Amino acid sequence: MSFITNNLLSLSGWTAAFLIFLFPALESSVFLGFVFPGETAVIIGGVLAYEHRISLALAISAAIVGAILGDTVGYFVGRVYGRRILGSKLGRRFLKPDHVSLAESFISRRGGFGVFLGRFAAALRAFVPGLAGMGGMHYPTFLIFNVLGGVSWAVGFTLAGYLAGASFKKVQSYSSVAGYILMAIIILGIILLIVRRKRKERQEALSSGPSDAGDSSSDSDN
């Protein structure tokens with residue numbers, strides 16, 4: 001990570017803009033978030049803008065296009081090849097089953113809002129677009145929340161890097177912690193929803209039990 005960071009910090013102009021675009025695009029396009037740190041690249045884009053080695057508008061634009069395009073590619077890759085990738089030897093090696101299961105549950109319960117929120121959650125960002133495609137989410141719905149999430153995320157983290165300037169490592173650290181906190185909140189929410197659903201099913205089963213028994217007794221009397 002430090003190697004990537006140091007090299008990004010040495011760039012300027014269109015070369016820097018291309019990598020600010022490329023890292024977010026690759027992060028979620030084919031489940032490669034564990035290799036390409038898109039969030040770090042976007043923050044560094046803001047730092048480079050602070051140092052006047054790239055314009056702030058170009059840094060934000062590159063991050064937005066990379067985020068939206070990467071998620072779009074990830075959606076269609078997941079729709080066509082998702083199960084094959086998850087079942088491959090490479091997929092089983094690098095993609096943690098618990099992260100995949102969490103993202104699947106999150107998308108199935110939250111729909112488009114899950115796409116938006118997943119953009120900001122650590123360890124979910126690389127999985128959510130592909131799993132949305134695998135789950136059959138309608139593309140227009142996905143696109144709306146993809147654009148909203150991509151723009152908010154790209155603008156927010158680029159400005160965070162710009163405002164932090166030379167102290168960007170603190171922002172990077174804080175953003176990672178915030179991402180994991182958000183993921184923990186998502187996990188807790190899913191657990192609570194599952195518990196509530198199980199409790200409701202159990203109550204419905206108990207309430208329907210006596211009536212079923214009465215019906216059976218009436219049938220036997222007849």
# chains A, B, ... in the order shown; residues from 1 in each chain; ligands from 1
call {"tool": "select_by_dssp", "arguments": {"residues": "stretch 9-75 of chain A", "states": "helix (DSSP H, G or I)", "output": "CSV table (one decimal) with N, CA and C atoms, in the first residue's frame"}}
result
chain,number,residue,atom,x,y,z
A,9,LEU,N,1.7,9.8,-5.2
A,9,LEU,CA,2.0,11.2,-4.7
A,9,LEU,C,3.1,11.9,-5.6
A,13,GLY,N,-0.7,16.0,-13.4
A,13,GLY,CA,-1.3,16.1,-14.7
A,13,GLY,C,-2.2,15.0,-15.0
A,14,TRP,N,-2.2,14.6,-16.3
A,14,TRP,CA,-3.2,13.6,-16.8
A,14,TRP,C,-2.8,12.2,-16.4
A,15,THR,N,-1.5,12.0,-16.1
A,15,THR,CA,-1.1,10.7,-15.6
A,15,THR,C,-1.8,10.4,-14.3
A,16,ALA,N,-1.7,11.4,-13.4
A,16,ALA,CA,-2.4,11.3,-12.1
A,16,ALA,C,-3.9,11.1,-12.3
A,17,ALA,N,-4.5,11.9,-13.2
A,17,ALA,CA,-5.9,11.8,-13.4
A,17,ALA,C,-6.3,10.4,-13.9
A,18,PHE,N,-5.5,9.8,-14.8
A,18,PHE,CA,-5.8,8.5,-15.3
A,18,PHE,C,-5.8,7.5,-14.1
A,19,LEU,N,-4.9,7.5,-13.2
A,19,LEU,CA,-4.8,6.6,-12.1
A,19,LEU,C,-5.9,6.8,-11.1
A,20,ILE,N,-6.2,8.1,-10.9
A,20,ILE,CA,-7.3,8.4,-10.0
A,20,ILE,C,-8.6,7.8,-10.5
A,21,PHE,N,-8.8,7.8,-11.9
A,21,PHE,CA,-9.9,7.1,-12.5
A,21,PHE,C,-9.8,5.6,-12.4
A,22,LEU,N,-8.6,5.1,-12.7
A,22,LEU,CA,-8.4,3.7,-12.9
A,22,LEU,C,-8.6,2.9,-11.6
A,23,PHE,N,-8.0,3.3,-10.5
A,23,PHE,CA,-8.1,2.6,-9.3
A,23,PHE,C,-9.5,2.4,-8.8
A,24,PRO,N,-10.4,3.4,-8.7
A,24,PRO,CA,-11.8,3.1,-8.4
A,24,PRO,C,-12.5,2.3,-9.4
A,25,ALA,N,-12.1,2.4,-10.7
A,25,ALA,CA,-12.8,1.6,-11.7
A,25,ALA,C,-12.5,0.2,-11.5
A,26,LEU,N,-11.2,-0.2,-11.2
A,26,LEU,CA,-10.9,-1.6,-11.1
A,26,LEU,C,-11.3,-2.2,-9.8
A,27,GLU,N,-11.4,-1.3,-8.8
A,27,GLU,CA,-11.8,-1.8,-7.4
A,27,GLU,C,-13.0,-2.6,-7.4
A,28,SER,N,-14.1,-2.2,-8.0
A,28,SER,CA,-15.3,-2.9,-7.9
A,28,SER,C,-15.8,-3.5,-9.3
A,29,SER,N,-15.0,-3.4,-10.3
A,29,SER,CA,-15.4,-3.9,-11.6
A,29,SER,C,-15.4,-5.4,-11.7
A,38,GLY,N,-9.1,2.0,-4.3
A,38,GLY,CA,-9.7,3.1,-4.9
A,38,GLY,C,-9.9,4.3,-4.0
A,39,GLU,N,-10.2,4.0,-2.7
A,39,GLU,CA,-10.4,5.1,-1.8
A,39,GLU,C,-9.1,5.9,-1.6
A,40,THR,N,-8.0,5.2,-1.5
A,40,THR,CA,-6.7,5.8,-1.3
A,40,THR,C,-6.4,6.7,-2.5
A,41,ALA,N,-6.6,6.2,-3.7
A,41,ALA,CA,-6.3,7.0,-4.9
A,41,ALA,C,-7.1,8.3,-5.0
A,42,VAL,N,-8.4,8.2,-4.5
A,42,VAL,CA,-9.2,9.4,-4.6
A,42,VAL,C,-8.8,10.4,-3.6
A,43,ILE,N,-8.4,10.0,-2.4
A,43,ILE,CA,-7.9,10.9,-1.4
A,43,ILE,C,-6.6,11.6,-1.8
A,44,ILE,N,-5.7,10.8,-2.4
A,44,ILE,CA,-4.5,11.3,-2.9
A,44,ILE,C,-4.7,12.3,-4.1
A,45,GLY,N,-5.8,12.0,-4.9
A,45,GLY,CA,-6.2,13.0,-5.9
A,45,GLY,C,-6.4,14.4,-5.3
A,46,GLY,N,-7.1,14.4,-4.2
A,46,GLY,CA,-7.3,15.7,-3.5
A,46,GLY,C,-6.0,16.3,-3.0
A,47,VAL,N,-5.1,15.5,-2.5
A,47,VAL,CA,-3.8,16.0,-2.0
A,47,VAL,C,-3.0,16.6,-3.2
A,48,LEU,N,-3.1,15.9,-4.4
A,48,LEU,CA,-2.4,16.4,-5.5
A,48,LEU,C,-3.0,17.8,-6.0
A,49,ALA,N,-4.3,17.9,-5.8
A,49,ALA,CA,-5.0,19.1,-6.2
A,49,ALA,C,-4.5,20.2,-5.2
A,50,TYR,N,-4.4,19.9,-3.9
A,50,TYR,CA,-3.9,20.8,-2.9
A,50,TYR,C,-2.5,21.3,-3.2
A,56,LEU,N,-8.5,20.6,-9.0
A,56,LEU,CA,-9.4,19.9,-8.2
A,56,LEU,C,-10.6,19.4,-9.0
A,57,ALA,N,-11.0,20.1,-10.0
A,57,ALA,CA,-12.1,19.7,-10.8
A,57,ALA,C,-11.8,18.4,-11.6
A,58,LEU,N,-10.6,18.3,-12.1
A,58,LEU,CA,-10.1,17.1,-12.8
A,58,LEU,C,-10.0,15.9,-11.9
A,59,ALA,N,-9.5,16.2,-10.7
A,59,ALA,CA,-9.4,15.1,-9.7
A,59,ALA,C,-10.8,14.5,-9.4
A,60,ILE,N,-11.8,15.4,-9.1
A,60,ILE,CA,-13.1,15.0,-8.8
A,60,ILE,C,-13.8,14.3,-9.9
A,61,SER,N,-13.6,14.8,-11.1
A,61,SER,CA,-14.2,14.2,-12.3
A,61,SER,C,-13.7,12.8,-12.6
A,62,ALA,N,-12.4,12.7,-12.5
A,62,ALA,CA,-11.8,11.4,-12.7
A,62,ALA,C,-12.3,10.4,-11.7
A,63,ALA,N,-12.4,10.8,-10.4
A,63,ALA,CA,-12.9,9.9,-9.4
A,63,ALA,C,-14.3,9.5,-9.6
A,64,ILE,N,-15.2,10.4,-10.0
A,64,ILE,CA,-16.6,10.2,-10.3
A,64,ILE,C,-16.8,9.2,-11.4
A,65,VAL,N,-16.1,9.4,-12.5
A,65,VAL,CA,-16.2,8.6,-13.7
A,65,VAL,C,-15.7,7.2,-13.4
A,66,GLY,N,-14.6,7.1,-12.7
A,66,GLY,CA,-14.0,5.8,-12.3
A,66,GLY,C,-15.0,5.0,-11.4
A,67,ALA,N,-15.5,5.7,-10.4
A,67,ALA,CA,-16.4,5.0,-9.5
A,67,ALA,C,-17.7,4.5,-10.2
A,68,ILE,N,-18.3,5.3,-11.0
A,68,ILE,CA,-19.6,5.0,-11.7
A,68,ILE,C,-19.3,3.9,-12.7
A,69,LEU,N,-18.3,4.1,-13.5
A,69,LEU,CA,-18.0,3.1,-14.6
A,69,LEU,C,-17.6,1.8,-14.0
A,70,GLY,N,-16.8,1.8,-12.9
A,70,GLY,CA,-16.3,0.6,-12.3
A,70,GLY,C,-17.5,-0.2,-11.8
A,71,ASP,N,-18.4,0.4,-11.1
A,71,ASP,CA,-19.6,-0.2,-10.5
A,71,ASP,C,-20.5,-0.8,-11.6
A,72,THR,N,-20.6,0.0,-12.7
A,72,THR,CA,-21.4,-0.5,-13.9
A,72,THR,C,-20.8,-1.8,-14.5
A,73,VAL,N,-19.5,-1.8,-14.7
A,73,VAL,CA,-18.9,-3.0,-15.2
A,73,VAL,C,-19.0,-4.1,-14.2
A,74,GLY,N,-18.9,-3.8,-12.9
A,74,GLY,CA,-19.0,-4.9,-11.9
A,74,GLY,C,-20.4,-5.5,-11.9
A,75,TYR,N,-21.4,-4.6,-12.1
A,75,TYR,CA,-22.8,-5.1,-12.2
A,75,TYR,C,-23.0,-6.1,-13.3
call {"tool": "atom_distance", "arguments": {"atom1": "atom CA of A:Pro140", "atom2": "atom CA of A:Ile85"}}
result
24.2 Å
call {"tool": "residues_around", "arguments": {"residues": "stretch 76-78 of chain A", "least_positions_apart": "3", "cutoff": "8 Å", "atoms": "only C-alpha atoms", "output": "NGL selection string"}}
result
:A and (29-30 or 72-73 or 81-83 or 129-134)
call {"tool": "closest_residue", "arguments": {"among": "A:Leu163, A:Glu51, A:Lys200, A:Gly149", "to": "A:Ser10", "atoms": "only C-alpha atoms"}}
result
A:Glu51
